[in-house]
Protein chains: 2
Amino acid sequence: MAESGVKQPLLLPGSLDSTSKTNQNFDFKRRRFRRCKSAPLAEYVPVEVNGKDVSPPESGSIFNNLHPSIRRISIYLVLYLAIGSICFYLVRHQIKGEKTNGVLDSTYFCIVTMTTVGYGDLVPSSAATKLLACAFVFSGMALVGLTLSKGADYLVEKQEELLVRALNLRKKAGPTDILKEIETHKVMYKCLTVFIFLLVLIAAGTIFLATVEKLDIVDAFYCVCSTITTLGYGDKSFSTTAGRIFAIFWILISTLCLAQFFLYVAELNTEKRQKELVNWVLTRRMTNVDLEAADLDDDGIVSAAEFIIYKLKEMGKISQEDISLLLEEFEFLDVDQSGTLSPSDLLLAQSSSTAR
Amino acid sequence: MAESGVKQPLLLPGSLDSTSKTNQNFDFKRRRFRRCKSAPLAEYVPVEVNGKDVSPPESGSIFNNLHPSIRRISIYLVLYLAIGSICFYLVRHQIKGEKTNGVLDSTYFCIVTMTTVGYGDLVPSSAATKLLACAFVFSGMALVGLTLSKGADYLVEKQEELLVRALNLRKKAGPTDILKEIETHKVMYKCLTVFIFLLVLIAAGTIFLATVEKLDIVDAFYCVCSTITTLGYGDKSFSTTAGRIFAIFWILISTLCLAQFFLYVAELNTEKRQKELVNWVLTRRMTNVDLEAADLDDDGIVSAAEFIIYKLKEMGKISQEDISLLLEEFEFLDVDQSGTLSPSDLLLAQSSSTAR
């Protein structure tokens, strides 16, 4: 077989000739890391720059500095609210209930519908308006889902850094340590960030309802809980002009915040179980049966790469389909059928593809 | 270096001696698949048994046949509703609104609160009841989240099989083909299953409200939309005894169904982007730079396993941390530092661990 015959050094022939074991091992490790970094990776976000603060500059046009997905969602949200407000303003005489200002009420109604709070302090009274409300609640739900999956997570990640910095201020940890700390407990800190933010929103809502809407403190808290969970019984709601202006922003942010909090708790739970599985896979003793199963190319020994694939599959991170698909691609690229890829395979593949 | 010295065949020395290239290649492929199957995998669910129908038997005690997570969630749900109904029944005089039967109303109120529909046709009127409702809406939300993440998906998967069978009935496809078809378009069929189920629920709700609650057809549809989205303005709701009995089951199922539908649409979207990325990674031409980067053990050539790891990382399925963690474990197991694992390494590791 071609096993030992074809194994000519690829690009760095010198590195394999070193005789000192420790030296060669060190070299092996250093080069491996350098090389792995050179592979593009969809999810990887390198942030460490030798102890330097690498948070992006906060100055300049705020809108242009935003992440593309945030910008897109902001545009959708503004469009949705603009169209909703105009539509409901046009049919405002077919909406009955406690009214304040025409434009304000239609925006407020739009927000209450979109977030599915649905107090019922304003309700459509004609068939056309009812169907319009149905259309807006479905599209609103989709938009909320989009915001939760794309935008909110990004914003929380930004805040997370500030929180961890504040928490570590007394420990005098360097910026690199902080970034490392964030990387290790990412989801936990996200959870904590949203939770703190949620407490602030609950407090703000309760105080506002108690002072501006003149509600009893229990009623104010009850209205806040009823709103952020999108329950919205509607016996207590925002009925003054000032209250509705506050409500437009507060309802949107607080309902999203609670939903995001639940999402993070679920993520934390998944991550915990994943970590337990990884731990189990790592501490499980390898047997000869494992070695045979891990030996992908059937050459009688298990290389580092084969070991990694075997363990990744055991962890459930990759599936048999992933491996089969890539093996097919490998066999297609391995034109000289040596069982390995070398620059000569690439040359052969290139010439055969131009010949086709 | 030990590269070529240690490479003694592990367990099947015969397979490498074959001289015929095609024969050896075939053997290579056959054995590889057998071996990969032997590796345990967290997510893999083997279902094909040579054209035999392998759906579990539907007879016997239904509860015992259920999946453990479904059973647990059912218990939680029943407990939640039982405790909720008892609590709200005890404070029924502190709940004002349209009343029918005491027990029925408290269960109905519990469901309307838990799903965050919150019509407002029944509202708590004392401070204690208000706080009780707050507690129940938060725990209800958590329970709904748990149901969506664990239980619903499993139930939909069961129904999915029936749907695909019905769709393929005329094509006379064998059970194996059907299972293959499900495997390929899993999320799409789940989406479709839930969508069909949702349409049935919407139709049933509209017809029920129009006939039993004597609502106008537009009002009935409006009430249905307002309920399944958990909007619940409350101007139209279930006010008769028969209506509330229907509502208890219908609200719970239909709100979960719509939420699950949105989850599947999001999953479908993620999957589509993932497939595009995989496609891009597979069609991208390999260069010498890629080869160098993929060469994990720095031996100058890229083995099948190294190629797979490089491509998986490019697809974003695994991260640098995964690789580093497993490489450390590999180096720990590779006691003789040969760069490969063989039975002798395992023996050495075992003796050194007992010596410790």
# chains A, B, ... in the order shown; residues from 1 in each chain; ligands from 1
>>> residues_around(residues="stretch 97-108 of chain A", least_positions_apart="5", cutoff="12 Å", atoms="only C-alpha atoms", output="PyMOL selection string")
(chain A and resi 78+80-92+113-115+117-125+133+234+236-252) or (chain B and resi 233+235)
>>> select_by_dssp(residues="stretch 247-303 of chain A", states="alpha helix (DSSP H)", output="VMD selection string")
chain A and resid 247 to 283 288 to 294
>>> closest_residue(among="A:Leu215, A:Met188, A:Leu162, A:Leu231", to="A:Glu271", atoms="only C-alpha atoms")
A:Met188
>>> closest_residue(among="B:Gly151, B:Gly140, B:Gly205, B:Gly339", to="chain A", atoms="only C-alpha atoms")
B:Gly339
>>> closest_residue(among="B:Leu312, B:Leu192, B:Ala349, B:Leu148", to="B:Leu163", atoms="only C-alpha atoms")
B:Leu192
>>> closest_residue(among="A:Ile253, A:Ile196, A:Leu167, A:Ile111", to="chain B", atoms="only C-alpha atoms")
A:Ile111
>>> residues_around(residues="B:Phe221", least_positions_apart="2", cutoff="9 Å", atoms="only C-alpha atoms", output="PyMOL selection string")
(chain A and resi 131+134) or (chain B and resi 202-203+205-207+209-210+216-219+223-226)
>>> write_last_selection(atoms="N, CA, C and O atoms", output="short mmCIF file (atom, residue, chain, number, x, y, z; two decimals), in the first residue's frame")
data_model
loop_
_atom_site.label_atom_id
_atom_site.label_comp_id
_atom_site.auth_asym_id
_atom_site.auth_seq_id
_atom_site.Cartn_x
_atom_site.Cartn_y
_atom_site.Cartn_z
N LEU A 131 -59.98 41.73 11.34
CA LEU A 131 -59.10 40.95 10.46
C LEU A 131 -57.72 41.62 10.34
O LEU A 131 -56.69 40.94 10.27
N CYS A 134 -55.79 40.65 13.30
CA CYS A 134 -55.31 39.27 13.15
C CYS A 134 -54.03 39.25 12.32
O CYS A 134 -53.05 38.58 12.69
N ILE B 202 -57.69 25.61 13.96
CA ILE B 202 -58.31 26.90 13.67
C ILE B 202 -59.74 26.68 13.18
O ILE B 202 -60.69 27.35 13.64
N ALA B 203 -59.91 25.72 12.27
CA ALA B 203 -61.24 25.41 11.74
C ALA B 203 -62.17 24.95 12.86
O ALA B 203 -63.30 25.45 13.00
N GLY B 205 -61.96 25.48 16.10
CA GLY B 205 -62.26 26.59 17.00
C GLY B 205 -63.29 27.54 16.42
O GLY B 205 -64.23 27.96 17.11
N THR B 206 -63.12 27.87 15.14
CA THR B 206 -64.03 28.82 14.49
C THR B 206 -65.45 28.24 14.44
O THR B 206 -66.42 28.92 14.78
N ILE B 207 -65.54 26.97 14.02
CA ILE B 207 -66.86 26.32 13.92
C ILE B 207 -67.52 26.23 15.30
O ILE B 207 -68.70 26.54 15.46
N LEU B 209 -67.00 28.15 18.00
CA LEU B 209 -67.41 29.47 18.48
C LEU B 209 -68.65 29.96 17.74
O LEU B 209 -69.52 30.61 18.32
N ALA B 210 -68.73 29.65 16.44
CA ALA B 210 -69.87 30.10 15.64
C ALA B 210 -71.14 29.35 16.02
O ALA B 210 -72.22 29.95 16.09
N ASP B 216 -70.70 35.57 15.34
CA ASP B 216 -70.61 35.83 13.91
C ASP B 216 -69.34 35.13 13.39
O ASP B 216 -68.37 34.96 14.14
N ILE B 217 -69.31 34.73 12.11
CA ILE B 217 -68.17 33.94 11.61
C ILE B 217 -66.85 34.74 11.68
O ILE B 217 -65.80 34.19 12.03
N VAL B 218 -66.90 36.04 11.37
CA VAL B 218 -65.69 36.87 11.47
C VAL B 218 -65.25 36.99 12.93
O VAL B 218 -64.07 36.86 13.25
N ASP B 219 -66.22 37.21 13.81
CA ASP B 219 -65.91 37.29 15.24
C ASP B 219 -65.29 36.00 15.76
O ASP B 219 -64.36 36.02 16.56
N CYS B 223 -61.66 35.71 17.28
CA CYS B 223 -61.43 35.18 18.63
C CYS B 223 -60.41 34.04 18.59
O CYS B 223 -59.54 33.94 19.47
N VAL B 224 -60.49 33.20 17.54
CA VAL B 224 -59.54 32.10 17.38
C VAL B 224 -58.12 32.64 17.22
O VAL B 224 -57.19 32.21 17.92
N CYS B 225 -57.95 33.62 16.31
CA CYS B 225 -56.62 34.21 16.09
C CYS B 225 -56.11 34.88 17.36
O CYS B 225 -54.95 34.75 17.73
N SER B 226 -56.99 35.60 18.01
CA SER B 226 -56.64 36.31 19.24
C SER B 226 -56.21 35.33 20.33
O SER B 226 -55.37 35.64 21.17
#
>>> residues_around(residues="stretch 324-327 of chain B", least_positions_apart="6", cutoff="8 Å", atoms="only C-alpha atoms", output="ChimeraX atom specification")
/A:282,304,307-308,311
>>> closest_residue(among="B:Gln320, B:Asn288, B:Met315, B:Gln350", to="B:Phe332", atoms="only C-alpha atoms")
B:Gln350
